[in-house]
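Structure, as structure tokens:
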Amino acid sequence: MIMTIKNIIQKYKNKLDAFDTEIIIANSLAKPREFILTHPEATVTSHQSSVIEKNIGRRIKGEPLAYITEHKEFYGLDFSVNKHTLIPRPETEILVEDSLKLLRNMLASTKHDEDGLRSQSDGIAVADIGTGSGNIIISLAHELKNNKHVSLFGIDMSEDALEVAQKNAKLHKVADDVDFLHGSLLEPLIRNLKLEIRNSKIVILANLPYLSKDIYESAPKDVKDFEPKSALYSPKQGLGHYEELLSQIKESLACRMAHVTCYMEISPEQKTSLQDLIKEIFPEAKTEFKKDLAGKWRVAKVTLTY
């Protein structure tokens, strides 16, 4: 029997959401979704049919659509993702939007010498901690358009994730603008010679694991069963990684940077406990919290000026 796109959609109409079915068919045929909608009578080969049915089966079992298609849109860009990376989420775009505004303000006020070159005291470093697919730092690099006054770093403990990030950087033509470093939190950046510049500025973007044990255990099946636990769960009610990051900033960066700004994505119920933690480590810090489009507390911004 010759199979058509319409045949496959009809076969799974009561088993899977129509949108998911259409996306999987489109991805398997290397066609846009619009083709699926406008060419329902198009035939598929037996091999194509086998691939489509295998991928639909994966989705029916709960695997995220992004892992099946190996793609996810973020900040208007298409990113490759796989099982080694967290799937980019819309709420994380707040980190990009707010830090981009800050960086542009910093650049506008940067003083240059007569040749228009950056002086050592005017350096700006941006560190994306736990970069995963690289979606945050690559989005910034894409927006900053090869700005030579900003040094961009993506850091991750997972070498597999860094491979994905580097692939995405090449895809979006910013591979020469971002340095990807392997290591835990800020450690590789602290060792990096590019930060041996006093009186410079650093902007830290952290979408670290922040789910507490209870929240992780109650997470949807497509999250808990498929996304890497190491990118989701953190001890100490979800704040273990952020406590370590803030401690690293205090011990290794704050003493030699004139201006440190740290953005942290959080779970809404963590606002008060994180605020207490920040105050304990940095009593003089200026802390702001920002809400996502759903009106939930989603990002903490900590500013330290020396």
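By convention here, the chains of the structure tokens are called A, B, ... in the order presented, each chain's residues are numbered starting at 1, and ligands are numbered starting at 1 in the order presented.
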Please return, as a PyMOL selection string, all residues of segment 148-275 of chain A that DSSP assigns to strand (DSSP E or B) on the basis of the backbone. chain A and resi 150-156+178-182+200-206+211+233+257-265
Do you have, as JSON lines, the list of residues of segment 32-62 of chain A lying at most 10 Å from segment 222-240 of chain A, each with its nearest atom pair and that distance in Å to one decimal, counting only C-alpha atoms and ordered by chain then number?
```
{"residue": "A:Arg59", "atom": "CA", "partner": "A:Asp222", "partner_atom": "CA", "distance": 9.2}
{"residue": "A:Lys61", "atom": "CA", "partner": "A:Asp222", "partner_atom": "CA", "distance": 8.8}
{"residue": "A:Gly62", "atom": "CA", "partner": "A:Asp222", "partner_atom": "CA", "distance": 5.2}
```
Leu246 of chain A: which residues within 9 Å, counting only C-alpha atoms, same-chain residues fewer than 6 positions away excluded, as JSON, numbers by chain? {"A": [262, 277, 278, 281, 282]}
Which residue, A:Ala161, A:Ala26, A:Ala294, A:Ile87, has the smallest gap to Glu73 of chain A when you use only C-alpha atoms? A:Ile87
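Residue nearest Lys83 of chain A, chosen from A:Pro40, A:Gly132, A:Gly123, A:Pro209 and counting only C-alpha atoms: A:Gly132.
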Mind checking which residues fall within 7 Å of segment 162-174 of chain A, counting only C-alpha atoms, ignoring those fewer than 2 positions away in the same chain, and posting them as a PDB file with all heavy atoms, in the first residue's frame?
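Saved file result.pdb follows:
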```
ATOM      1  N   PHE A  79      18.280  26.167  17.266  1.00  0.00           N
ATOM      2  CA  PHE A  79      19.398  25.520  17.939  1.00  0.00           C
ATOM      3  C   PHE A  79      19.304  24.005  17.852  1.00  0.00           C
ATOM      4  O   PHE A  79      18.222  23.434  18.012  1.00  0.00           O
ATOM      5  CB  PHE A  79      19.445  25.931  19.412  1.00  0.00           C
ATOM      6  CG  PHE A  79      19.933  27.337  19.622  1.00  0.00           C
ATOM      7  CD1 PHE A  79      19.039  28.397  19.620  1.00  0.00           C
ATOM      8  CD2 PHE A  79      21.285  27.609  19.780  1.00  0.00           C
ATOM      9  CE1 PHE A  79      19.482  29.699  19.779  1.00  0.00           C
ATOM     10  CE2 PHE A  79      21.743  28.902  19.950  1.00  0.00           C
ATOM     11  CZ  PHE A  79      20.841  29.956  19.949  1.00  0.00           C
ATOM     12  N   SER A  80      20.449  23.376  17.618  1.00  0.00           N
ATOM     13  CA  SER A  80      20.524  21.925  17.710  1.00  0.00           C
ATOM     14  C   SER A  80      20.535  21.527  19.182  1.00  0.00           C
ATOM     15  O   SER A  80      21.221  22.171  19.989  1.00  0.00           O
ATOM     16  CB  SER A  80      21.803  21.412  17.035  1.00  0.00           C
ATOM     17  OG  SER A  80      21.753  21.605  15.651  1.00  0.00           O
ATOM     18  N   VAL A  81      19.788  20.507  19.521  1.00  0.00           N
ATOM     19  CA  VAL A  81      19.777  19.990  20.889  1.00  0.00           C
ATOM     20  C   VAL A  81      19.808  18.474  20.833  1.00  0.00           C
ATOM     21  O   VAL A  81      19.437  17.868  19.833  1.00  0.00           O
ATOM     22  CB  VAL A  81      18.525  20.448  21.683  1.00  0.00           C
ATOM     23  CG1 VAL A  81      18.491  21.953  21.852  1.00  0.00           C
ATOM     24  CG2 VAL A  81      17.244  19.960  21.007  1.00  0.00           C
ATOM     25  N   GLY A 132      25.157  24.574  28.117  1.00  0.00           N
ATOM     26  CA  GLY A 132      24.300  23.598  27.431  1.00  0.00           C
ATOM     27  C   GLY A 132      24.432  23.687  25.925  1.00  0.00           C
ATOM     28  O   GLY A 132      25.522  23.562  25.367  1.00  0.00           O
ATOM     29  N   SER A 133      23.334  23.958  25.236  1.00  0.00           N
ATOM     30  CA  SER A 133      23.353  24.076  23.775  1.00  0.00           C
ATOM     31  C   SER A 133      23.980  25.380  23.319  1.00  0.00           C
ATOM     32  O   SER A 133      24.153  25.597  22.112  1.00  0.00           O
ATOM     33  CB  SER A 133      21.923  23.978  23.224  1.00  0.00           C
ATOM     34  OG  SER A 133      21.137  25.062  23.690  1.00  0.00           O
ATOM     35  N   GLY A 134      24.303  26.262  24.269  1.00  0.00           N
ATOM     36  CA  GLY A 134      24.891  27.555  23.923  1.00  0.00           C
ATOM     37  C   GLY A 134      23.856  28.598  23.566  1.00  0.00           C
ATOM     38  O   GLY A 134      24.198  29.687  23.089  1.00  0.00           O
ATOM     39  N   ILE A 138      25.164  32.388  22.570  1.00  0.00           N
ATOM     40  CA  ILE A 138      25.124  32.529  21.115  1.00  0.00           C
ATOM     41  C   ILE A 138      24.104  33.583  20.699  1.00  0.00           C
ATOM     42  O   ILE A 138      24.347  34.376  19.777  1.00  0.00           O
ATOM     43  CB  ILE A 138      24.841  31.170  20.448  1.00  0.00           C
ATOM     44  CG1 ILE A 138      26.058  30.248  20.608  1.00  0.00           C
ATOM     45  CG2 ILE A 138      24.482  31.338  18.968  1.00  0.00           C
ATOM     46  CD1 ILE A 138      25.805  28.803  20.219  1.00  0.00           C
ATOM     47  N   ALA A 141      25.828  36.837  21.296  1.00  0.00           N
ATOM     48  CA  ALA A 141      26.841  37.070  20.273  1.00  0.00           C
ATOM     49  C   ALA A 141      26.202  37.506  18.956  1.00  0.00           C
ATOM     50  O   ALA A 141      26.696  38.399  18.261  1.00  0.00           O
ATOM     51  CB  ALA A 141      27.675  35.804  20.064  1.00  0.00           C
ATOM     52  N   HIS A 142      25.094  36.868  18.629  1.00  0.00           N
ATOM     53  CA  HIS A 142      24.376  37.195  17.392  1.00  0.00           C
ATOM     54  C   HIS A 142      23.851  38.623  17.432  1.00  0.00           C
ATOM     55  O   HIS A 142      23.887  39.344  16.419  1.00  0.00           O
ATOM     56  CB  HIS A 142      23.226  36.195  17.206  1.00  0.00           C
ATOM     57  CG  HIS A 142      22.541  36.299  15.884  1.00  0.00           C
ATOM     58  ND1 HIS A 142      21.397  37.045  15.695  1.00  0.00           N
ATOM     59  CD2 HIS A 142      22.843  35.761  14.669  1.00  0.00           C
ATOM     60  CE1 HIS A 142      21.013  36.948  14.439  1.00  0.00           C
ATOM     61  NE2 HIS A 142      21.875  36.184  13.795  1.00  0.00           N
ATOM     62  N   ASP A 156      30.718  24.801  30.532  1.00  0.00           N
ATOM     63  CA  ASP A 156      29.891  23.649  30.910  1.00  0.00           C
ATOM     64  C   ASP A 156      30.781  22.518  31.412  1.00  0.00           C
ATOM     65  O   ASP A 156      31.927  22.375  30.962  1.00  0.00           O
ATOM     66  CB  ASP A 156      29.048  23.170  29.727  1.00  0.00           C
ATOM     67  CG  ASP A 156      27.752  22.501  30.186  1.00  0.00           C
ATOM     68  OD1 ASP A 156      27.831  21.393  30.755  1.00  0.00           O
ATOM     69  OD2 ASP A 156      26.677  23.095  29.996  1.00  0.00           O
ATOM     70  N   SER A 158      29.910  19.425  30.955  1.00  0.00           N
ATOM     71  CA  SER A 158      29.707  18.333  30.010  1.00  0.00           C
ATOM     72  C   SER A 158      30.411  18.619  28.687  1.00  0.00           C
ATOM     73  O   SER A 158      30.077  19.576  27.985  1.00  0.00           O
ATOM     74  CB  SER A 158      28.215  18.124  29.758  1.00  0.00           C
ATOM     75  OG  SER A 158      27.995  17.262  28.654  1.00  0.00           O
ATOM     76  N   GLU A 159      31.367  17.773  28.346  1.00  0.00           N
ATOM     77  CA  GLU A 159      32.048  17.926  27.059  1.00  0.00           C
ATOM     78  C   GLU A 159      31.091  17.641  25.903  1.00  0.00           C
ATOM     79  O   GLU A 159      31.216  18.234  24.827  1.00  0.00           O
ATOM     80  CB  GLU A 159      33.262  17.003  26.999  1.00  0.00           C
ATOM     81  CG  GLU A 159      34.379  17.411  27.955  1.00  0.00           C
ATOM     82  CD  GLU A 159      35.604  16.526  27.857  1.00  0.00           C
ATOM     83  OE1 GLU A 159      35.423  15.341  27.486  1.00  0.00           O
ATOM     84  OE2 GLU A 159      36.716  17.003  28.144  1.00  0.00           O
ATOM     85  N   ASP A 160      30.135  16.745  26.136  1.00  0.00           N
ATOM     86  CA  ASP A 160      29.134  16.444  25.103  1.00  0.00           C
ATOM     87  C   ASP A 160      28.281  17.677  24.822  1.00  0.00           C
ATOM     88  O   ASP A 160      27.956  17.978  23.663  1.00  0.00           O
ATOM     89  CB  ASP A 160      28.243  15.282  25.537  1.00  0.00           C
ATOM     90  CG  ASP A 160      28.989  13.954  25.579  1.00  0.00           C
ATOM     91  OD1 ASP A 160      29.827  13.722  24.687  1.00  0.00           O
ATOM     92  OD2 ASP A 160      28.743  13.163  26.507  1.00  0.00           O
ATOM     93  N   ASP A 176      33.849  32.421  16.140  1.00  0.00           N
ATOM     94  CA  ASP A 176      35.048  33.190  16.462  1.00  0.00           C
ATOM     95  C   ASP A 176      34.806  34.201  17.582  1.00  0.00           C
ATOM     96  O   ASP A 176      35.752  34.829  18.065  1.00  0.00           O
ATOM     97  CB  ASP A 176      35.551  33.940  15.219  1.00  0.00           C
ATOM     98  CG  ASP A 176      36.066  32.994  14.149  1.00  0.00           C
ATOM     99  OD1 ASP A 176      36.468  31.864  14.505  1.00  0.00           O
ATOM    100  OD2 ASP A 176      36.057  33.373  12.966  1.00  0.00           O
ATOM    101  N   ASP A 177      33.561  34.366  17.983  1.00  0.00           N
ATOM    102  CA  ASP A 177      33.211  35.379  18.983  1.00  0.00           C
ATOM    103  C   ASP A 177      32.991  34.808  20.380  1.00  0.00           C
ATOM    104  O   ASP A 177      32.900  35.560  21.345  1.00  0.00           O
ATOM    105  CB  ASP A 177      31.934  36.119  18.554  1.00  0.00           C
ATOM    106  CG  ASP A 177      32.084  36.776  17.194  1.00  0.00           C
ATOM    107  OD1 ASP A 177      33.139  37.383  16.956  1.00  0.00           O
ATOM    108  OD2 ASP A 177      31.164  36.655  16.364  1.00  0.00           O
ATOM    109  N   VAL A 178      32.887  33.487  20.486  1.00  0.00           N
ATOM    110  CA  VAL A 178      32.610  32.853  21.781  1.00  0.00           C
ATOM    111  C   VAL A 178      33.687  31.819  22.087  1.00  0.00           C
ATOM    112  O   VAL A 178      33.985  30.962  21.247  1.00  0.00           O
ATOM    113  CB  VAL A 178      31.228  32.164  21.804  1.00  0.00           C
ATOM    114  CG1 VAL A 178      30.948  31.589  23.191  1.00  0.00           C
ATOM    115  CG2 VAL A 178      30.118  33.129  21.389  1.00  0.00           C
ATOM    116  N   PHE A 180      34.437  28.634  24.281  1.00  0.00           N
ATOM    117  CA  PHE A 180      33.772  27.620  25.094  1.00  0.00           C
ATOM    118  C   PHE A 180      34.814  26.930  25.968  1.00  0.00           C
ATOM    119  O   PHE A 180      35.846  26.462  25.475  1.00  0.00           O
ATOM    120  CB  PHE A 180      33.032  26.618  24.214  1.00  0.00           C
ATOM    121  CG  PHE A 180      31.813  27.207  23.556  1.00  0.00           C
ATOM    122  CD1 PHE A 180      31.848  27.594  22.224  1.00  0.00           C
ATOM    123  CD2 PHE A 180      30.644  27.403  24.280  1.00  0.00           C
ATOM    124  CE1 PHE A 180      30.730  28.152  21.615  1.00  0.00           C
ATOM    125  CE2 PHE A 180      29.513  27.960  23.692  1.00  0.00           C
ATOM    126  CZ  PHE A 180      29.564  28.340  22.355  1.00  0.00           C
TER     127      PHE A 180
END
```
Please provide as a compact mmCIF listing (two decimals) with all heavy atoms, in the first residue's frame all residues within 12 Å of Ile94 of chain A, with the sequence filter that same-chain residues fewer than 4 positions apart are discarded (counting only C-alpha atoms).
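Ended up saving to around.txt:
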```
# COMPACT_ATOMS: atom_id res chain seq x y z
N PHE A 74 14.98 29.42 19.89
CA PHE A 74 15.21 30.25 21.08
C PHE A 74 15.67 31.62 20.62
O PHE A 74 16.60 31.74 19.82
CB PHE A 74 16.28 29.61 21.98
CG PHE A 74 16.60 30.41 23.22
CD1 PHE A 74 15.81 30.27 24.36
CD2 PHE A 74 17.66 31.31 23.24
CE1 PHE A 74 16.09 31.02 25.50
CE2 PHE A 74 17.95 32.04 24.38
CZ PHE A 74 17.16 31.91 25.52
N TYR A 75 15.00 32.64 21.09
CA TYR A 75 15.32 34.03 20.77
C TYR A 75 15.41 34.25 19.26
O TYR A 75 16.27 34.95 18.75
CB TYR A 75 16.63 34.45 21.46
CG TYR A 75 16.64 35.93 21.82
CD1 TYR A 75 15.87 36.41 22.88
CD2 TYR A 75 17.42 36.84 21.12
CE1 TYR A 75 15.86 37.75 23.22
CE2 TYR A 75 17.42 38.19 21.44
CZ TYR A 75 16.64 38.64 22.49
OH TYR A 75 16.64 39.99 22.82
N ARG A 89 14.13 27.05 26.91
CA ARG A 89 12.75 27.41 27.23
C ARG A 89 12.52 28.90 27.04
O ARG A 89 13.43 29.71 27.25
CB ARG A 89 12.43 26.99 28.67
CG ARG A 89 12.31 25.46 28.82
CD ARG A 89 12.46 25.03 30.25
NE ARG A 89 12.05 23.65 30.48
CZ ARG A 89 12.75 22.57 30.17
NH1 ARG A 89 13.92 22.70 29.58
NH2 ARG A 89 12.29 21.36 30.43
N PRO A 90 11.30 29.28 26.70
CA PRO A 90 10.99 30.69 26.43
C PRO A 90 11.32 31.62 27.60
O PRO A 90 11.79 32.74 27.39
CB PRO A 90 9.48 30.69 26.15
CG PRO A 90 9.19 29.30 25.68
CD PRO A 90 10.12 28.41 26.45
N ASP A 98 17.47 41.07 29.22
CA ASP A 98 17.92 42.01 30.24
C ASP A 98 19.43 42.23 30.19
O ASP A 98 19.92 43.35 30.32
CB ASP A 98 17.51 41.51 31.63
CG ASP A 98 17.30 42.66 32.60
OD1 ASP A 98 16.20 43.24 32.59
OD2 ASP A 98 18.24 42.99 33.34
N SER A 99 20.19 41.15 29.99
CA SER A 99 21.64 41.31 29.93
C SER A 99 22.06 42.06 28.67
O SER A 99 23.04 42.82 28.69
CB SER A 99 22.33 39.94 29.98
OG SER A 99 21.96 39.13 28.89
N LEU A 100 21.33 41.89 27.58
CA LEU A 100 21.64 42.61 26.36
C LEU A 100 21.44 44.11 26.56
O LEU A 100 22.26 44.93 26.11
CB LEU A 100 20.75 42.10 25.22
CG LEU A 100 21.04 42.63 23.82
CD1 LEU A 100 22.46 42.29 23.40
CD2 LEU A 100 20.03 42.05 22.83
N LYS A 101 20.38 44.47 27.26
CA LYS A 101 20.14 45.88 27.57
C LYS A 101 21.27 46.45 28.43
O LYS A 101 21.78 47.55 28.18
CB LYS A 101 18.80 46.02 28.31
CG LYS A 101 18.35 47.45 28.54
CD LYS A 101 17.07 47.49 29.39
CE LYS A 101 15.96 46.70 28.75
NZ LYS A 101 14.70 46.75 29.55
N ILE A 136 22.03 30.77 25.15
CA ILE A 136 22.09 32.11 25.75
C ILE A 136 23.25 32.92 25.18
O ILE A 136 23.06 34.03 24.66
CB ILE A 136 22.21 32.01 27.29
CG1 ILE A 136 20.94 31.40 27.89
CG2 ILE A 136 22.45 33.40 27.89
CD1 ILE A 136 21.05 31.12 29.38
N SER A 139 22.98 33.63 21.40
CA SER A 139 21.98 34.67 21.12
C SER A 139 22.57 36.05 21.37
O SER A 139 22.34 36.99 20.59
CB SER A 139 20.74 34.46 21.98
OG SER A 139 20.09 33.24 21.66
N LEU A 140 23.33 36.19 22.46
CA LEU A 140 23.98 37.46 22.74
C LEU A 140 25.01 37.81 21.67
O LEU A 140 25.07 38.95 21.20
CB LEU A 140 24.66 37.42 24.12
CG LEU A 140 23.76 37.54 25.34
CD1 LEU A 140 24.58 37.35 26.61
CD2 LEU A 140 23.06 38.89 25.36
N LEU A 205 25.84 34.98 33.46
CA LEU A 205 24.50 34.48 33.14
C LEU A 205 24.44 33.03 33.57
O LEU A 205 25.21 32.20 33.09
CB LEU A 205 24.24 34.60 31.64
CG LEU A 205 24.46 35.99 31.06
CD1 LEU A 205 24.46 35.95 29.55
CD2 LEU A 205 23.39 36.95 31.56
N ALA A 206 23.54 32.71 34.48
CA ALA A 206 23.51 31.36 35.03
C ALA A 206 22.10 30.78 34.98
O ALA A 206 21.20 31.24 35.67
CB ALA A 206 24.01 31.38 36.48
N ASN A 207 21.93 29.79 34.13
CA ASN A 207 20.71 28.99 34.14
C ASN A 207 21.12 27.61 34.63
O ASN A 207 21.18 26.64 33.88
CB ASN A 207 20.10 28.91 32.74
CG ASN A 207 18.78 28.14 32.74
OD1 ASN A 207 18.19 27.90 33.78
ND2 ASN A 207 18.33 27.75 31.56
N TYR A 263 23.15 37.26 36.70
CA TYR A 263 21.76 36.90 36.46
C TYR A 263 21.58 35.42 36.74
O TYR A 263 22.35 34.59 36.26
CB TYR A 263 21.37 37.16 35.01
CG TYR A 263 21.29 38.62 34.61
CD1 TYR A 263 22.41 39.26 34.08
CD2 TYR A 263 20.11 39.34 34.73
CE1 TYR A 263 22.35 40.60 33.69
CE2 TYR A 263 20.04 40.67 34.34
CZ TYR A 263 21.17 41.29 33.82
OH TYR A 263 21.10 42.61 33.43
N MET A 264 20.53 35.07 37.48
CA MET A 264 20.27 33.67 37.81
C MET A 264 18.81 33.33 37.54
O MET A 264 17.91 33.98 38.09
CB MET A 264 20.60 33.40 39.28
CG MET A 264 22.06 33.59 39.63
SD MET A 264 22.39 33.45 41.42
CE MET A 264 21.85 35.08 41.96
N GLU A 265 18.58 32.34 36.71
CA GLU A 265 17.20 31.87 36.51
C GLU A 265 16.81 31.00 37.69
O GLU A 265 17.59 30.16 38.14
CB GLU A 265 17.07 31.09 35.20
CG GLU A 265 15.64 30.64 34.94
CD GLU A 265 15.44 30.02 33.57
OE1 GLU A 265 16.03 30.53 32.59
OE2 GLU A 265 14.68 29.04 33.48
N ILE A 266 15.59 31.17 38.18
CA ILE A 266 15.15 30.46 39.38
C ILE A 266 13.74 29.89 39.21
O ILE A 266 13.04 30.20 38.25
CB ILE A 266 15.15 31.39 40.62
CG1 ILE A 266 14.15 32.55 40.41
CG2 ILE A 266 16.56 31.92 40.89
CD1 ILE A 266 13.89 33.38 41.65
N PHE A 289 14.54 41.24 41.30
CA PHE A 289 13.91 40.03 40.79
C PHE A 289 12.97 40.41 39.65
O PHE A 289 12.28 41.43 39.72
CB PHE A 289 13.15 39.30 41.89
CG PHE A 289 14.03 38.60 42.88
CD1 PHE A 289 14.53 39.29 43.98
CD2 PHE A 289 14.41 37.28 42.71
CE1 PHE A 289 15.37 38.67 44.90
CE2 PHE A 289 15.25 36.65 43.61
CZ PHE A 289 15.73 37.35 44.71
N LYS A 290 12.94 39.58 38.62
CA LYS A 290 12.13 39.87 37.45
C LYS A 290 11.15 38.72 37.19
O LYS A 290 11.47 37.56 37.41
CB LYS A 290 13.03 40.08 36.23
CG LYS A 290 14.02 41.24 36.43
CD LYS A 290 14.97 41.38 35.28
CE LYS A 290 15.97 42.50 35.58
NZ LYS A 290 15.30 43.82 35.75
N LYS A 291 9.96 39.09 36.70
CA LYS A 291 8.92 38.10 36.43
C LYS A 291 8.91 37.71 34.96
O LYS A 291 9.33 38.47 34.08
CB LYS A 291 7.55 38.67 36.80
CG LYS A 291 7.35 38.89 38.29
CD LYS A 291 5.96 39.43 38.58
CE LYS A 291 5.74 39.61 40.09
NZ LYS A 291 4.39 40.14 40.39
N ASP A 292 8.43 36.49 34.70
CA ASP A 292 8.28 36.05 33.32
C ASP A 292 6.93 36.51 32.79
O ASP A 292 6.18 37.22 33.48
CB ASP A 292 8.47 34.54 33.20
CG ASP A 292 7.46 33.75 34.04
OD1 ASP A 292 6.41 34.32 34.42
OD2 ASP A 292 7.72 32.57 34.31
N LEU A 293 6.60 36.11 31.58
CA LEU A 293 5.35 36.56 30.97
C LEU A 293 4.11 36.02 31.68
O LEU A 293 3.02 36.56 31.54
CB LEU A 293 5.32 36.14 29.49
CG LEU A 293 6.34 36.82 28.59
CD1 LEU A 293 6.26 36.27 27.17
CD2 LEU A 293 6.13 38.33 28.58
N TRP A 297 7.98 34.94 39.41
CA TRP A 297 9.36 35.34 39.62
C TRP A 297 10.28 34.33 38.93
O TRP A 297 10.21 33.13 39.19
CB TRP A 297 9.69 35.40 41.11
CG TRP A 297 8.90 36.43 41.85
CD1 TRP A 297 7.92 36.23 42.77
CD2 TRP A 297 9.02 37.86 41.71
NE1 TRP A 297 7.41 37.43 43.22
CE2 TRP A 297 8.07 38.45 42.59
CE3 TRP A 297 9.83 38.70 40.94
CZ2 TRP A 297 7.92 39.83 42.71
CZ3 TRP A 297 9.67 40.07 41.05
CH2 TRP A 297 8.73 40.62 41.93
N ARG A 298 11.15 34.83 38.06
CA ARG A 298 11.92 33.91 37.24
C ARG A 298 13.42 34.21 37.21
O ARG A 298 14.24 33.31 37.05
CB ARG A 298 11.39 33.96 35.79
CG ARG A 298 12.01 32.94 34.86
CD ARG A 298 11.79 31.54 35.32
NE ARG A 298 10.38 31.18 35.36
CZ ARG A 298 9.93 30.02 35.82
NH1 ARG A 298 10.77 29.11 36.29
NH2 ARG A 298 8.63 29.76 35.83
N VAL A 299 13.82 35.46 37.40
CA VAL A 299 15.24 35.82 37.29
C VAL A 299 15.65 36.73 38.44
O VAL A 299 14.94 37.67 38.79
CB VAL A 299 15.54 36.52 35.95
CG1 VAL A 299 16.97 37.07 35.94
CG2 VAL A 299 15.34 35.55 34.79
N ALA A 300 16.81 36.41 39.04
CA ALA A 300 17.41 37.29 40.04
C ALA A 300 18.61 37.98 39.41
O ALA A 300 19.40 37.36 38.71
CB ALA A 300 17.85 36.48 41.25
N LYS A 301 18.73 39.29 39.67
CA LYS A 301 19.86 40.06 39.17
C LYS A 301 20.61 40.65 40.35
O LYS A 301 20.04 41.40 41.15
CB LYS A 301 19.37 41.19 38.25
CG LYS A 301 20.48 42.10 37.74
CD LYS A 301 19.89 43.27 36.94
CE LYS A 301 20.96 44.23 36.47
NZ LYS A 301 20.37 45.39 35.77
```
Assign secondary structure with DSSP using the backbone only, and return the residues of segment 159-242 of chain A in alpha helix (DSSP H) as number ranges by chain. A: 159-171, 187-191, 213-217, 221-224, 240-242
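Using only C-alpha atoms, the nearest neighbour of His182 of chain A within the list A:Ile129, A:Ala219, A:Leu77, A:Val150 is A:Ile129.
Of the listed residues A:Ala127, A:Val96, A:Thr261, A:Ile204, the one whose atoms come nearest to Glu288 of chain A is A:Thr261, with distances taken using only C-alpha atoms.
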Can you work out the spacing between atom CA of Leu107 of chain A and atom CA of Gly183 of chain A in Å, to one decimal?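 That distance, rounded to one decimal, is 28.5 Å.
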Find the residues near Lys286 of chain A: any atom within 8 Å, counting only C-alpha atoms, skip ones fewer than 5 places away on the same chain, and give them as a list of chain:residue names. A:Val302, A:Thr303, A:Leu304
As a check of understanding: the span from atom CA of Ile56 of chain A to atom CA of Lys13 of chain A is 11.4 Å
Using only C-alpha atoms, which of the listed residues (A:Ala108, A:Ile137, A:Ile215, A:Ile2) sits closest to Thr45 of chain A?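 Looking at the shortest contact to Thr45 of chain A, the residue is A:Ile2.
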